[in-house]
Amino acid sequence: MTVQDFIPKSYSKTVERGNVTWESPSNIALVKYWGKKENQIPANPSISFTLSGCKTKTTLSYSKKENTSDFSFEVFLEGEQKDSFKPKIETFFKRIEVYVPFVRDFHFKIETENTFPHSSGIASSASGMSALALCLMSVEMELTNDGYSENEESQKYFTNKASFLARLGSGSACRSLEGDLVAWGTHKEITGSSDLFGVKYPFKVHDNFKNYQDTILLVDKGEKQVSSTVGHGLMHNHPFAEQRFEQAHENLSSLIKIFKEGDVSKFIEIVESEALTLHAMMMTSMPYFILMKPNTLEIINKIWAYRTETNSKLCFTLDAGANVHLLYPENEKIQVLEFIKNELVAYCQNGHYICDQIGFGAKKLA
Ligand code: DP6
C-alpha cells in the first residue's frame with residue numbers, strides 16, 4: 001500500500017452529527033523505534049507487545065459546521081477541559097487532513113480517560129492517538145456507503161488506515177491497534193510490513209510468550225526530561241546512527257527465530273540490549289542526556305542478581321525515561337510479584353507500580 005491509497009476520493013453520505021467510542025491500549029517496544037525521517041517515517045523497524053491493561057478510552061462527538069476554514073474541537077480529560085492538549089491535536093489534524101478531509105467539516109468534542117494514572121509518567125500518546133485515530137475512522141465509515149466494514153478486505157483497510165493516521169499523531173501509536181505483537185517499519189522477513197502503519201506479527205509465536213507479564217515500576221513520575229520528538233531528532237547526524245538502524249533490523253530477524261522456537265534466554269539478551277542501546281544513543285548524542293535515575297540502575301542490578309540466583313526469566317526494558325518495565329513469563333507471576341514487593345518497591349516513587357499483561361488490541365465500545 002502507498003500513501004495515495006489513504007486519500008479518499010469523495011464521501012457518498014452526509015451526516016449531521018453522531019458519536020463514537022473506542023478504547024485503545026498502550027504498547028511497549030522490544031526493538032525500539034528511535035530516529036525518524038520526514039512525515040513520521042521510522043528510521044528502522046520496531047516491534048512491540050500490546051499492553052492490554054493500560055488503555056485510553058475516547059469518545060468523539062461530531063456535529064456538522066458551516067465554516068470550514070478552521071479546525072474546531074474541544075478536549076476533555078476525565079471530564080475536565082484540557083486546553084493544554086490542543087496544540088498536539090491541532091498538529092495531528094493538520095497532518096491528517098489530506099487523508100480525512102472531513103475534519104474541517106465538523107466540530108468535535110473529544111472526551112478521553114486513561115485506565116492508568118495520568119501523572120504516572122507512562123506515555124499516553126500511543127493509546128490516546130490510536131483511540132482518536134480509530135474514532136476518526138469510524139466517522140469516515142459513517143460518511144462512506146454501507147458495506148465499508150462488511151468484508152475482510154474493508155476491515156483490513158480500516159485498521160491499516162487507522163494505524164496510518166495514528167502514526168501521524170505519534171509514531172509508536174501505530175503499534176497500538178492490534179493485539180499481542182505488532183511490527184512497524186519495513187523489514188525484509190516480515191510479510192506485509194510497512195513504514196506507513198503497524199501490522200499484526202504474522203508468524204508463529206511459541207507458547208512461552210503467551211500472556212507474557214509486564215509490570216511497570218514507576219521510578220520517576222515527573223514530566224519527561226526530553227520529549228520523544230526531540231530525542232528522535234538527535235539521531236540526525238548521530239555518530240552511531242547507521243550502525244544502530246542496521247542493528248534494529250538484525251535484532252528483529254533474531255526475534256523472529258526466538259518467537260518461533262520459544263528461546264526466552266535469547267529473548268532476554270535482545271530485549272535488554274535494545275533498552276540499553278536506546279539509552280546509549282541518548283548518552284552519545286549532541287546534546288547528550290542521561291534519562292535513567294540512580295534507582296533505574298539499582299533495579300537493573302537487582303534483576304540481574306535475581307536471575308543469577310534463581311534462574312528466573314525475568315528481564316527489563318526501558319522507554320525514553322527512568323521507569324522500568326519488567327517482562328516475565330506467566331508461570332513466574334507469583335514469585336516475581338513477591339520479589340517486586342520485597343526488593344524493588346523501595347526504588348519506586350511512592351512505592352508505585354502497575355501490573356499489566358500482554359494481550360488484546362483496541363475495541364469499539366459504542
Ligand atoms: C522510546 O512514538 O513517542 O518509546 O513519533 O515523536 O511521537 P513520536 O515518538 P514516540 O517515540 C517512542 C519511542 C520509544 C520507543 C518505541 O516505542 O519504539
# chains A, B, ... in the order shown; residues from 1 in each chain; ligands from 1
$ residues_near_ligand --ligand "ligand 1" --cutoff "7 Å" --atoms "only C-alpha atoms and all ligand atoms" --output "PDB file with N, CA, C and O atoms, in the first residue's frame"
ATOM      1  N   ILE A  28       4.580  -1.632  24.542  1.00  0.00           N
ATOM      2  CA  ILE A  28       5.989  -1.492  24.956  1.00  0.00           C
ATOM      3  C   ILE A  28       6.874  -2.131  23.886  1.00  0.00           C
ATOM      4  O   ILE A  28       6.699  -3.301  23.534  1.00  0.00           O
ATOM      5  N   ALA A  29       7.812  -1.331  23.364  1.00  0.00           N
ATOM      6  CA  ALA A  29       8.650  -1.815  22.266  1.00  0.00           C
ATOM      7  C   ALA A  29       9.719  -2.778  22.774  1.00  0.00           C
ATOM      8  O   ALA A  29      10.299  -2.576  23.852  1.00  0.00           O
ATOM      9  N   VAL A  31      12.006  -4.155  20.140  1.00  0.00           N
ATOM     10  CA  VAL A  31      13.010  -3.487  19.293  1.00  0.00           C
ATOM     11  C   VAL A  31      12.508  -2.061  19.152  1.00  0.00           C
ATOM     12  O   VAL A  31      11.360  -1.831  18.769  1.00  0.00           O
ATOM     13  N   LYS A  32      13.335  -1.103  19.498  1.00  0.00           N
ATOM     14  CA  LYS A  32      12.885   0.283  19.668  1.00  0.00           C
ATOM     15  C   LYS A  32      12.881   1.092  18.368  1.00  0.00           C
ATOM     16  O   LYS A  32      13.811   0.983  17.559  1.00  0.00           O
ATOM     17  N   TYR A  33      11.853   1.909  18.263  1.00  0.00           N
ATOM     18  CA  TYR A  33      11.786   2.963  17.238  1.00  0.00           C
ATOM     19  C   TYR A  33      12.511   4.167  17.827  1.00  0.00           C
ATOM     20  O   TYR A  33      12.081   4.732  18.816  1.00  0.00           O
ATOM     21  N   TRP A  34      13.626   4.525  17.232  1.00  0.00           N
ATOM     22  CA  TRP A  34      14.361   5.688  17.736  1.00  0.00           C
ATOM     23  C   TRP A  34      15.082   6.338  16.571  1.00  0.00           C
ATOM     24  O   TRP A  34      16.106   5.845  16.122  1.00  0.00           O
ATOM     25  N   GLN A  40       6.981  11.331   9.702  1.00  0.00           N
ATOM     26  CA  GLN A  40       6.824  10.242  10.672  1.00  0.00           C
ATOM     27  C   GLN A  40       7.171   8.863  10.085  1.00  0.00           C
ATOM     28  O   GLN A  40       6.523   7.868  10.419  1.00  0.00           O
ATOM     29  N   SER A  46      10.467  -1.600  14.104  1.00  0.00           N
ATOM     30  CA  SER A  46      10.350  -1.858  15.540  1.00  0.00           C
ATOM     31  C   SER A  46       9.256  -2.897  15.757  1.00  0.00           C
ATOM     32  O   SER A  46       8.462  -3.181  14.852  1.00  0.00           O
ATOM     33  N   SER A 125       0.507   8.865  24.821  1.00  0.00           N
ATOM     34  CA  SER A 125       0.343   9.274  23.428  1.00  0.00           C
ATOM     35  C   SER A 125       0.012   8.077  22.527  1.00  0.00           C
ATOM     36  O   SER A 125      -0.773   8.201  21.594  1.00  0.00           O
ATOM     37  N   ALA A 126       0.567   6.900  22.829  1.00  0.00           N
ATOM     38  CA  ALA A 126       0.297   5.738  21.961  1.00  0.00           C
ATOM     39  C   ALA A 126      -1.169   5.327  22.069  1.00  0.00           C
ATOM     40  O   ALA A 126      -1.863   5.203  21.057  1.00  0.00           O
ATOM     41  N   ARG A 167      -0.066   6.883  13.414  1.00  0.00           N
ATOM     42  CA  ARG A 167       1.368   7.123  13.238  1.00  0.00           C
ATOM     43  C   ARG A 167       1.658   8.615  13.076  1.00  0.00           C
ATOM     44  O   ARG A 167       2.652   9.133  13.578  1.00  0.00           O
ATOM     45  N   GLY A 169       0.036  10.922  14.395  1.00  0.00           N
ATOM     46  CA  GLY A 169      -0.135  11.569  15.700  1.00  0.00           C
ATOM     47  C   GLY A 169       1.080  11.324  16.578  1.00  0.00           C
ATOM     48  O   GLY A 169       1.646  12.238  17.173  1.00  0.00           O
ATOM     49  N   SER A 170       1.514  10.090  16.641  1.00  0.00           N
ATOM     50  CA  SER A 170       2.707   9.702  17.394  1.00  0.00           C
ATOM     51  C   SER A 170       3.155   8.355  16.837  1.00  0.00           C
ATOM     52  O   SER A 170       2.350   7.429  16.758  1.00  0.00           O
ATOM     53  N   GLY A 171       4.425   8.275  16.449  1.00  0.00           N
ATOM     54  CA  GLY A 171       4.896   7.080  15.745  1.00  0.00           C
ATOM     55  C   GLY A 171       4.485   5.772  16.414  1.00  0.00           C
ATOM     56  O   GLY A 171       3.848   4.909  15.797  1.00  0.00           O
ATOM     57  N   SER A 172       4.803   5.645  17.698  1.00  0.00           N
ATOM     58  CA  SER A 172       4.571   4.368  18.370  1.00  0.00           C
ATOM     59  C   SER A 172       3.075   4.047  18.477  1.00  0.00           C
ATOM     60  O   SER A 172       2.706   2.898  18.711  1.00  0.00           O
ATOM     61  N   ALA A 173       2.209   5.049  18.313  1.00  0.00           N
ATOM     62  CA  ALA A 173       0.760   4.821  18.399  1.00  0.00           C
ATOM     63  C   ALA A 173       0.264   3.870  17.305  1.00  0.00           C
ATOM     64  O   ALA A 173      -0.747   3.185  17.488  1.00  0.00           O
ATOM     65  N   SER A 228       9.988  12.754  23.182  1.00  0.00           N
ATOM     66  CA  SER A 228      10.475  11.770  22.196  1.00  0.00           C
ATOM     67  C   SER A 228      10.795  12.450  20.876  1.00  0.00           C
ATOM     68  O   SER A 228      11.748  12.073  20.199  1.00  0.00           O
ATOM     69  N   THR A 229      10.007  13.467  20.534  1.00  0.00           N
ATOM     70  CA  THR A 229      10.250  14.136  19.248  1.00  0.00           C
ATOM     71  C   THR A 229      11.670  14.727  19.211  1.00  0.00           C
ATOM     72  O   THR A 229      12.388  14.569  18.222  1.00  0.00           O
ATOM     73  N   HIS A 232      14.144  11.757  18.995  1.00  0.00           N
ATOM     74  CA  HIS A 232      14.272  11.210  17.632  1.00  0.00           C
ATOM     75  C   HIS A 232      15.177  12.107  16.793  1.00  0.00           C
ATOM     76  O   HIS A 232      15.992  11.630  16.009  1.00  0.00           O
ATOM     77  N   ASP A 319      11.702   2.689  28.351  1.00  0.00           N
ATOM     78  CA  ASP A 319      11.331   3.665  27.337  1.00  0.00           C
ATOM     79  C   ASP A 319      12.326   4.813  27.436  1.00  0.00           C
ATOM     80  O   ASP A 319      13.305   4.697  28.143  1.00  0.00           O
ATOM     81  N   ALA A 320      12.014   5.926  26.798  1.00  0.00           N
ATOM     82  CA  ALA A 320      12.943   7.049  26.879  1.00  0.00           C
ATOM     83  C   ALA A 320      12.717   7.809  28.188  1.00  0.00           C
ATOM     84  O   ALA A 320      12.350   8.979  28.194  1.00  0.00           O
TER      85      ALA A 320
END
$ select_by_dssp --residues "region 122-314 of chain A" --states "alpha helix (DSSP H)" --output "ChimeraX atom specification"
/A:125-143,152-169,228-233,241-261,264-283,294-310
$ residues_around --residues "Asn114 (chain A)" --least-positions-apart "4" --cutoff "12 Å" --atoms "only C-alpha atoms" --output "MDAnalysis selection string"
chainID A and resid 22:26 53:58 76:79 118:120 122:128 131
$ atom_distance --atom1 "CA of Phe93 (chain A)" --atom2 "CA of Asp180 (chain A)"
28.5 Å
$ atom_distance --atom1 "CA of Phe71 (chain A)" --atom2 "CA of Met141 (chain A)"
20.1 Å
$ closest_atom_pairs --of "region 171-258 of chain A" --to "region 284-307 of chain A" --cutoff "10 Å" --atoms "only C-alpha atoms" --output "Markdown table"
| residue | atom | partner | partner_atom | distance |
| --- | --- | --- | --- | --- |
| A:Leu217 | CA | A:Ile299 | CA | 9.1 |
| A:Leu218 | CA | A:Thr296 | CA | 9.5 |
| A:Val219 | CA | A:Asn295 | CA | 6.7 |
| A:Asp220 | CA | A:Lys293 | CA | 7.9 |
| A:Lys224 | CA | A:Leu291 | CA | 8.7 |
| A:Gln225 | CA | A:Leu291 | CA | 7.3 |
| A:Val226 | CA | A:Phe289 | CA | 8.2 |
| A:Gly231 | CA | A:Ser285 | CA | 9.1 |
| A:Gly233 | CA | A:Ser285 | CA | 9.9 |
| A:Leu234 | CA | A:Ser285 | CA | 6.1 |
| A:Met235 | CA | A:Ser285 | CA | 7.2 |
| A:His236 | CA | A:Ser285 | CA | 9.2 |
| A:Asn237 | CA | A:Ser285 | CA | 8.7 |
| A:His238 | CA | A:Ser285 | CA | 5.9 |
| A:Pro239 | CA | A:Ser285 | CA | 7.7 |
| A:Phe240 | CA | A:Thr284 | CA | 8.3 |
| A:Ala241 | CA | A:Ser285 | CA | 9.6 |
$ select_by_dssp --residues "region 289-323 of chain A" --states "strand (DSSP E or B)" --output "number ranges by chain"
A: 315-318
$ write_last_selection --atoms "N, CA and C atoms" --output "PDB file, in the first residue's frame"
ATOM      1  N   CYS A 315      13.185 -10.180  32.874  1.00  0.00           N
ATOM      2  CA  CYS A 315      14.103  -9.200  32.274  1.00  0.00           C
ATOM      3  C   CYS A 315      13.459  -7.824  32.291  1.00  0.00           C
ATOM      4  N   PHE A 316      14.208  -6.828  31.797  1.00  0.00           N
ATOM      5  CA  PHE A 316      13.674  -5.470  31.835  1.00  0.00           C
ATOM      6  C   PHE A 316      13.732  -4.837  30.451  1.00  0.00           C
ATOM      7  N   THR A 317      12.899  -3.824  30.250  1.00  0.00           N
ATOM      8  CA  THR A 317      13.102  -2.919  29.135  1.00  0.00           C
ATOM      9  C   THR A 317      12.786  -1.512  29.611  1.00  0.00           C
ATOM     10  N   LEU A 318      13.208  -0.529  28.825  1.00  0.00           N
ATOM     11  CA  LEU A 318      13.045   0.875  29.215  1.00  0.00           C
ATOM     12  C   LEU A 318      12.464   1.651  28.048  1.00  0.00           C
TER      13      LEU A 318
END
$ residues_around --residues "Arg244 (chain A)" --least-positions-apart "4" --cutoff "9 Å" --atoms "only C-alpha atoms" --output "PyMOL selection string"
chain A and resi 44+240+248-249+277+281
$ atom_distance --atom1 "CA of Asn27 (chain A)" --atom2 "CA of Gly359 (chain A)"
10.0 Å
$ closest_residue --among "A:Leu327, A:Val271, A:Met129, A:Leu60" --to "Phe108 (chain A)" --atoms "only C-alpha atoms"
A:Leu60
$ residues_around --residues "Ser163 (chain A)" --least-positions-apart "5" --cutoff "9 Å" --atoms "only C-alpha atoms" --output "ChimeraX atom specification"
/A:130,133-134,158,168,173-177,196-199
$ write_last_selection --atoms "all heavy atoms" --output "JSON list (two decimals), in the first residue's frame"
[["chain", "number", "residue", "atom", "x", "y", "z"],
["A", 130, "SER", "N", -3.98, 6.48, 19.14],
["A", 130, "SER", "CA", -4.60, 5.37, 18.40],
["A", 130, "SER", "C", -6.10, 5.37, 18.63],
["A", 130, "SER", "O", -6.88, 5.13, 17.70],
["A", 130, "SER", "CB", -3.97, 4.03, 18.77],
["A", 130, "SER", "OG", -4.00, 3.83, 20.16],
["A", 133, "ALA", "N", -7.52, 8.14, 16.44],
["A", 133, "ALA", "CA", -7.46, 7.75, 15.02],
["A", 133, "ALA", "C", -8.59, 6.76, 14.69],
["A", 133, "ALA", "O", -9.24, 6.87, 13.64],
["A", 133, "ALA", "CB", -6.10, 7.13, 14.70],
["A", 134, "LEU", "N", -8.83, 5.83, 15.60],
["A", 134, "LEU", "CA", -9.91, 4.86, 15.37],
["A", 134, "LEU", "C", -11.27, 5.54, 15.35],
["A", 134, "LEU", "O", -12.13, 5.21, 14.52],
["A", 134, "LEU", "CB", -9.85, 3.77, 16.44],
["A", 134, "LEU", "CG", -8.74, 2.74, 16.24],
["A", 134, "LEU", "CD1", -8.39, 2.04, 17.54],
["A", 134, "LEU", "CD2", -9.14, 1.71, 15.17],
["A", 158, "PHE", "N", -9.60, -0.53, 7.06],
["A", 158, "PHE", "CA", -9.97, 0.29, 8.22],
["A", 158, "PHE", "C", -8.82, 0.30, 9.24],
["A", 158, "PHE", "O", -8.37, 1.36, 9.69],
["A", 158, "PHE", "CB", -11.25, -0.28, 8.86],
["A", 158, "PHE", "CG", -11.77, 0.51, 10.02],
["A", 158, "PHE", "CD1", -12.79, 1.44, 9.86],
["A", 158, "PHE", "CD2", -11.25, 0.33, 11.30],
["A", 158, "PHE", "CE1", -13.28, 2.17, 10.94],
["A", 158, "PHE", "CE2", -11.73, 1.07, 12.39],
["A", 158, "PHE", "CZ", -12.75, 1.98, 12.20],
["A", 168, "LEU", "N", 0.74, 9.29, 12.37],
["A", 168, "LEU", "CA", 0.96, 10.72, 12.14],
["A", 168, "LEU", "C", 0.73, 11.54, 13.42],
["A", 168, "LEU", "O", 1.17, 12.67, 13.53],
["A", 168, "LEU", "CB", 0.08, 11.22, 10.99],
["A", 168, "LEU", "CG", 0.46, 10.61, 9.63],
["A", 168, "LEU", "CD1", -0.58, 10.91, 8.57],
["A", 168, "LEU", "CD2", 1.83, 11.12, 9.17],
["A", 173, "ALA", "N", 2.21, 5.05, 18.31],
["A", 173, "ALA", "CA", 0.76, 4.82, 18.40],
["A", 173, "ALA", "C", 0.26, 3.87, 17.31],
["A", 173, "ALA", "O", -0.75, 3.18, 17.49],
["A", 173, "ALA", "CB", 0.01, 6.15, 18.31],
["A", 174, "CYS", "N", 0.99, 3.80, 16.20],
["A", 174, "CYS", "CA", 0.53, 2.93, 15.10],
["A", 174, "CYS", "C", 0.67, 1.45, 15.46],
["A", 174, "CYS", "O", 0.15, 0.59, 14.77],
["A", 174, "CYS", "CB", 1.23, 3.26, 13.79],
["A", 174, "CYS", "SG", 2.89, 2.61, 13.66],
["A", 175, "ARG", "N", 1.38, 1.17, 16.58],
["A", 175, "ARG", "CA", 1.52, -0.22, 17.02],
["A", 175, "ARG", "C", 0.50, -0.57, 18.11],
["A", 175, "ARG", "O", 0.62, -1.60, 18.75],
["A", 175, "ARG", "CB", 2.94, -0.46, 17.57],
["A", 175, "ARG", "CG", 4.08, -0.31, 16.56],
["A", 175, "ARG", "CD", 5.39, -0.77, 17.20],
["A", 175, "ARG", "NE", 5.50, -0.16, 18.51],
["A", 175, "ARG", "CZ", 6.50, 0.62, 18.92],
["A", 175, "ARG", "NH1", 7.52, 0.85, 18.13],
["A", 175, "ARG", "NH2", 6.49, 1.13, 20.13],
["A", 176, "SER", "N", -0.49, 0.32, 18.35],
["A", 176, "SER", "CA", -1.41, 0.11, 19.48],
["A", 176, "SER", "C", -2.80, -0.36, 19.09],
["A", 176, "SER", "O", -3.70, -0.31, 19.91],
["A", 176, "SER", "CB", -1.53, 1.41, 20.29],
["A", 176, "SER", "OG", -0.61, 1.39, 21.35],
["A", 177, "LEU", "N", -3.01, -0.80, 17.85],
["A", 177, "LEU", "CA", -4.37, -1.13, 17.45],
["A", 177, "LEU", "C", -4.71, -2.60, 17.63],
["A", 177, "LEU", "O", -5.84, -2.95, 17.93],
["A", 177, "LEU", "CB", -4.61, -0.74, 15.99],
["A", 177, "LEU", "CG", -4.77, 0.76, 15.81],
["A", 177, "LEU", "CD1", -3.44, 1.45, 15.72],
["A", 177, "LEU", "CD2", -5.62, 1.08, 14.63],
["A", 196, "LEU", "N", 4.46, 2.70, 6.81],
["A", 196, "LEU", "CA", 3.29, 3.59, 6.91],
["A", 196, "LEU", "C", 2.35, 3.22, 8.05],
["A", 196, "LEU", "O", 1.58, 4.06, 8.51],
["A", 196, "LEU", "CB", 2.50, 3.57, 5.59],
["A", 196, "LEU", "CG", 3.26, 4.02, 4.35],
["A", 196, "LEU", "CD1", 2.37, 3.91, 3.12],
["A", 196, "LEU", "CD2", 3.77, 5.45, 4.52],
["A", 197, "PHE", "N", 2.34, 1.96, 8.44],
["A", 197, "PHE", "CA", 1.42, 1.52, 9.50],
["A", 197, "PHE", "C", 1.97, 0.25, 10.17],
["A", 197, "PHE", "O", 2.84, -0.42, 9.61],
["A", 197, "PHE", "CB", 0.00, 1.27, 8.94],
["A", 197, "PHE", "CG", -0.03, 0.43, 7.70],
["A", 197, "PHE", "CD1", -0.01, -0.95, 7.78],
["A", 197, "PHE", "CD2", -0.06, 1.03, 6.44],
["A", 197, "PHE", "CE1", -0.03, -1.73, 6.63],
["A", 197, "PHE", "CE2", -0.06, 0.26, 5.28],
["A", 197, "PHE", "CZ", -0.05, -1.13, 5.38],
["A", 198, "GLY", "N", 1.40, -0.04, 11.34],
["A", 198, "GLY", "CA", 1.81, -1.26, 12.05],
["A", 198, "GLY", "C", 1.04, -2.46, 11.53],
["A", 198, "GLY", "O", -0.09, -2.33, 11.06],
["A", 199, "VAL", "N", 1.64, -3.65, 11.60],
["A", 199, "VAL", "CA", 0.93, -4.88, 11.21],
["A", 199, "VAL", "C", 1.04, -5.90, 12.34],
["A", 199, "VAL", "O", 2.05, -5.97, 13.04],
["A", 199, "VAL", "CB", 1.49, -5.52, 9.90],
["A", 199, "VAL", "CG1", 1.24, -4.62, 8.72],
["A", 199, "VAL", "CG2", 2.98, -5.86, 10.01]]
$ closest_atom_pairs --of "region 186-265 of chain A" --to "region 341-357 of chain A" --cutoff "12 Å" --atoms "only C-alpha atoms" --output "JSON lines"
{"residue": "A:Phe209", "atom": "CA", "partner": "A:Gln357", "partner_atom": "CA", "distance": 11.0}
{"residue": "A:Lys210", "atom": "CA", "partner": "A:Gln357", "partner_atom": "CA", "distance": 9.6}
{"residue": "A:Asn211", "atom": "CA", "partner": "A:Gln357", "partner_atom": "CA", "distance": 6.2}
{"residue": "A:Tyr212", "atom": "CA", "partner": "A:Gln357", "partner_atom": "CA", "distance": 6.0}
{"residue": "A:Gln213", "atom": "CA", "partner": "A:Gln357", "partner_atom": "CA", "distance": 4.5}
{"residue": "A:Asp214", "atom": "CA", "partner": "A:Asp356", "partner_atom": "CA", "distance": 5.1}
{"residue": "A:Thr215", "atom": "CA", "partner": "A:Cys355", "partner_atom": "CA", "distance": 4.4}
{"residue": "A:Ile216", "atom": "CA", "partner": "A:Ile354", "partner_atom": "CA", "distance": 5.1}
{"residue": "A:Leu217", "atom": "CA", "partner": "A:Tyr353", "partner_atom": "CA", "distance": 4.5}
{"residue": "A:Leu218", "atom": "CA", "partner": "A:Cys348", "partner_atom": "CA", "distance": 5.2}
{"residue": "A:Val219", "atom": "CA", "partner": "A:Cys348", "partner_atom": "CA", "distance": 4.5}
{"residue": "A:Asp220", "atom": "CA", "partner": "A:Gln349", "partner_atom": "CA", "distance": 6.1}
{"residue": "A:Lys221", "atom": "CA", "partner": "A:Gln349", "partner_atom": "CA", "distance": 7.1}
{"residue": "A:Gly222", "atom": "CA", "partner": "A:Gln349", "partner_atom": "CA", "distance": 9.9}
$ write_last_selection --atoms "all heavy atoms" --output "tab-separated table (two decimals), in the first residue's frame"
chain	number	residue	atom	x	y	z
A	209	PHE	N	5.65	-17.38	25.16
A	209	PHE	CA	5.43	-15.93	25.14
A	209	PHE	C	3.95	-15.56	25.26
A	209	PHE	O	3.60	-14.38	25.17
A	209	PHE	CB	6.03	-15.31	23.87
A	209	PHE	CG	7.52	-15.49	23.79
A	209	PHE	CD1	8.09	-16.46	22.98
A	209	PHE	CD2	8.36	-14.70	24.57
A	209	PHE	CE1	9.46	-16.63	22.93
A	209	PHE	CE2	9.73	-14.87	24.54
A	209	PHE	CZ	10.29	-15.84	23.71
A	210	LYS	N	3.12	-16.56	25.47
A	210	LYS	CA	1.67	-16.27	25.63
A	210	LYS	C	1.42	-15.64	27.01
A	210	LYS	O	2.02	-16.05	27.99
A	210	LYS	CB	0.83	-17.55	25.49
A	210	LYS	CG	0.82	-18.11	24.08
A	210	LYS	CD	-0.24	-17.47	23.19
A	210	LYS	CE	0.19	-17.40	21.72
A	210	LYS	NZ	0.25	-18.68	21.04
A	211	ASN	N	0.54	-14.67	27.06
A	211	ASN	CA	0.20	-13.97	28.32
A	211	ASN	C	1.42	-13.46	29.07
A	211	ASN	O	1.47	-13.50	30.30
A	211	ASN	CB	-0.60	-14.88	29.28
A	211	ASN	CG	-1.90	-15.31	28.67
A	211	ASN	OD1	-2.51	-14.56	27.90
A	211	ASN	ND2	-2.33	-16.52	28.97
A	212	TYR	N	2.40	-13.04	28.34
A	212	TYR	CA	3.60	-12.50	28.98
A	212	TYR	C	3.22	-11.35	29.90
A	212	TYR	O	2.29	-10.60	29.62
A	212	TYR	CB	4.59	-12.02	27.90
A	212	TYR	CG	6.00	-12.50	28.14
A	212	TYR	CD1	6.33	-13.84	28.02
A	212	TYR	CD2	7.00	-11.60	28.52
A	212	TYR	CE1	7.62	-14.29	28.27
A	212	TYR	CE2	8.30	-12.04	28.77
A	212	TYR	CZ	8.59	-13.39	28.64
A	212	TYR	OH	9.88	-13.82	28.89
A	213	GLN	N	3.92	-11.23	31.01
A	213	GLN	CA	3.56	-10.21	32.01
A	213	GLN	C	4.46	-8.98	31.88
A	213	GLN	O	5.64	-9.10	31.52
A	213	GLN	CB	3.74	-10.80	33.43
A	213	GLN	CG	2.99	-12.09	33.65
A	213	GLN	CD	1.49	-11.88	33.68
A	213	GLN	OE1	0.98	-11.07	34.44
A	213	GLN	NE2	0.76	-12.61	32.84
A	214	ASP	N	3.90	-7.82	32.18
A	214	ASP	CA	4.68	-6.58	32.20
A	214	ASP	C	4.30	-5.80	33.45
A	214	ASP	O	3.14	-5.41	33.61
A	214	ASP	CB	4.37	-5.73	30.95
A	214	ASP	CG	5.19	-4.44	30.90
A	214	ASP	OD1	5.81	-4.09	31.92
A	214	ASP	OD2	5.21	-3.79	29.84
A	215	THR	N	5.24	-5.62	34.34
A	215	THR	CA	4.99	-4.76	35.50
A	215	THR	C	5.84	-3.51	35.34
A	215	THR	O	7.05	-3.59	35.10
A	215	THR	CB	5.33	-5.50	36.81
A	215	THR	OG1	4.48	-6.64	36.91
A	215	THR	CG2	5.11	-4.60	38.03
A	216	ILE	N	5.17	-2.36	35.42
A	216	ILE	CA	5.87	-1.09	35.20
A	216	ILE	C	6.23	-0.50	36.56
A	216	ILE	O	5.35	-0.20	37.36
A	216	ILE	CB	5.00	-0.11	34.39
A	216	ILE	CG1	4.43	-0.79	33.15
A	216	ILE	CG2	5.80	1.13	34.01
A	216	ILE	CD1	3.27	-0.06	32.52
A	217	LEU	N	7.52	-0.36	36.80
A	217	LEU	CA	7.98	0.24	38.05
A	217	LEU	C	8.12	1.74	37.84
A	217	LEU	O	8.90	2.18	36.98
A	217	LEU	CB	9.32	-0.37	38.47
A	217	LEU	CG	9.35	-1.90	38.63
A	217	LEU	CD1	10.73	-2.35	39.08
A	217	LEU	CD2	8.29	-2.39	39.62
A	218	LEU	N	7.35	2.51	38.58
A	218	LEU	CA	7.35	3.96	38.38
A	218	LEU	C	8.45	4.61	39.21
A	218	LEU	O	8.26	4.91	40.38
A	218	LEU	CB	5.96	4.52	38.72
A	218	LEU	CG	4.83	3.87	37.91
A	218	LEU	CD1	3.47	4.34	38.39
A	218	LEU	CD2	4.98	4.14	36.43
A	219	VAL	N	9.59	4.76	38.57
A	219	VAL	CA	10.76	5.30	39.25
A	219	VAL	C	10.67	6.82	39.31
A	219	VAL	O	11.07	7.46	40.28
A	219	VAL	CB	12.05	4.87	38.49
A	219	VAL	CG1	13.28	5.58	39.02
A	219	VAL	CG2	12.22	3.36	38.59
A	220	ASP	N	10.13	7.40	38.24
A	220	ASP	CA	10.05	8.86	38.16
A	220	ASP	C	8.76	9.25	37.47
A	220	ASP	O	8.58	8.98	36.29
A	220	ASP	CB	11.26	9.38	37.38
A	220	ASP	CG	11.28	10.89	37.33
A	220	ASP	OD1	10.54	11.52	38.11
A	220	ASP	OD2	12.03	11.44	36.50
A	221	LYS	N	7.87	9.88	38.22
A	221	LYS	CA	6.57	10.19	37.65
A	221	LYS	C	6.51	11.61	37.06
A	221	LYS	O	5.46	12.08	36.66
A	221	LYS	CB	5.49	10.02	38.73
A	221	LYS	CG	5.47	8.61	39.31
A	221	LYS	CD	4.15	8.29	39.93
A	221	LYS	CE	4.25	8.29	41.44
A	221	LYS	NZ	2.95	8.20	42.08
A	222	GLY	N	7.65	12.26	37.02
A	222	GLY	CA	7.69	13.65	36.54
A	222	GLY	C	7.55	13.73	35.03
A	222	GLY	O	7.48	12.73	34.33
$ decode --residues "region 85-96 of chain A" --atoms "C-alpha atoms" --output "PDB file, in the first residue's frame"
ATOM      1  CA  PHE A  85      -3.771  19.001  24.769  1.00  0.00           C
ATOM      2  CA  LYS A  86      -4.999  21.220  21.933  1.00  0.00           C
ATOM      3  CA  PRO A  87      -1.704  22.095  20.169  1.00  0.00           C
ATOM      4  CA  LYS A  88      -0.777  18.413  19.760  1.00  0.00           C
ATOM      5  CA  ILE A  89      -4.232  17.595  18.381  1.00  0.00           C
ATOM      6  CA  GLU A  90      -4.169  20.645  16.086  1.00  0.00           C
ATOM      7  CA  THR A  91      -0.819  19.432  14.676  1.00  0.00           C
ATOM      8  CA  PHE A  92      -2.333  15.971  14.284  1.00  0.00           C
ATOM      9  CA  PHE A  93      -5.356  17.367  12.381  1.00  0.00           C
ATOM     10  CA  LYS A  94      -3.065  19.356  10.083  1.00  0.00           C
ATOM     11  CA  ARG A  95      -1.021  16.261   9.300  1.00  0.00           C
ATOM     12  CA  ILE A  96      -4.039  14.055   8.597  1.00  0.00           C
TER      13      ILE A  96
END
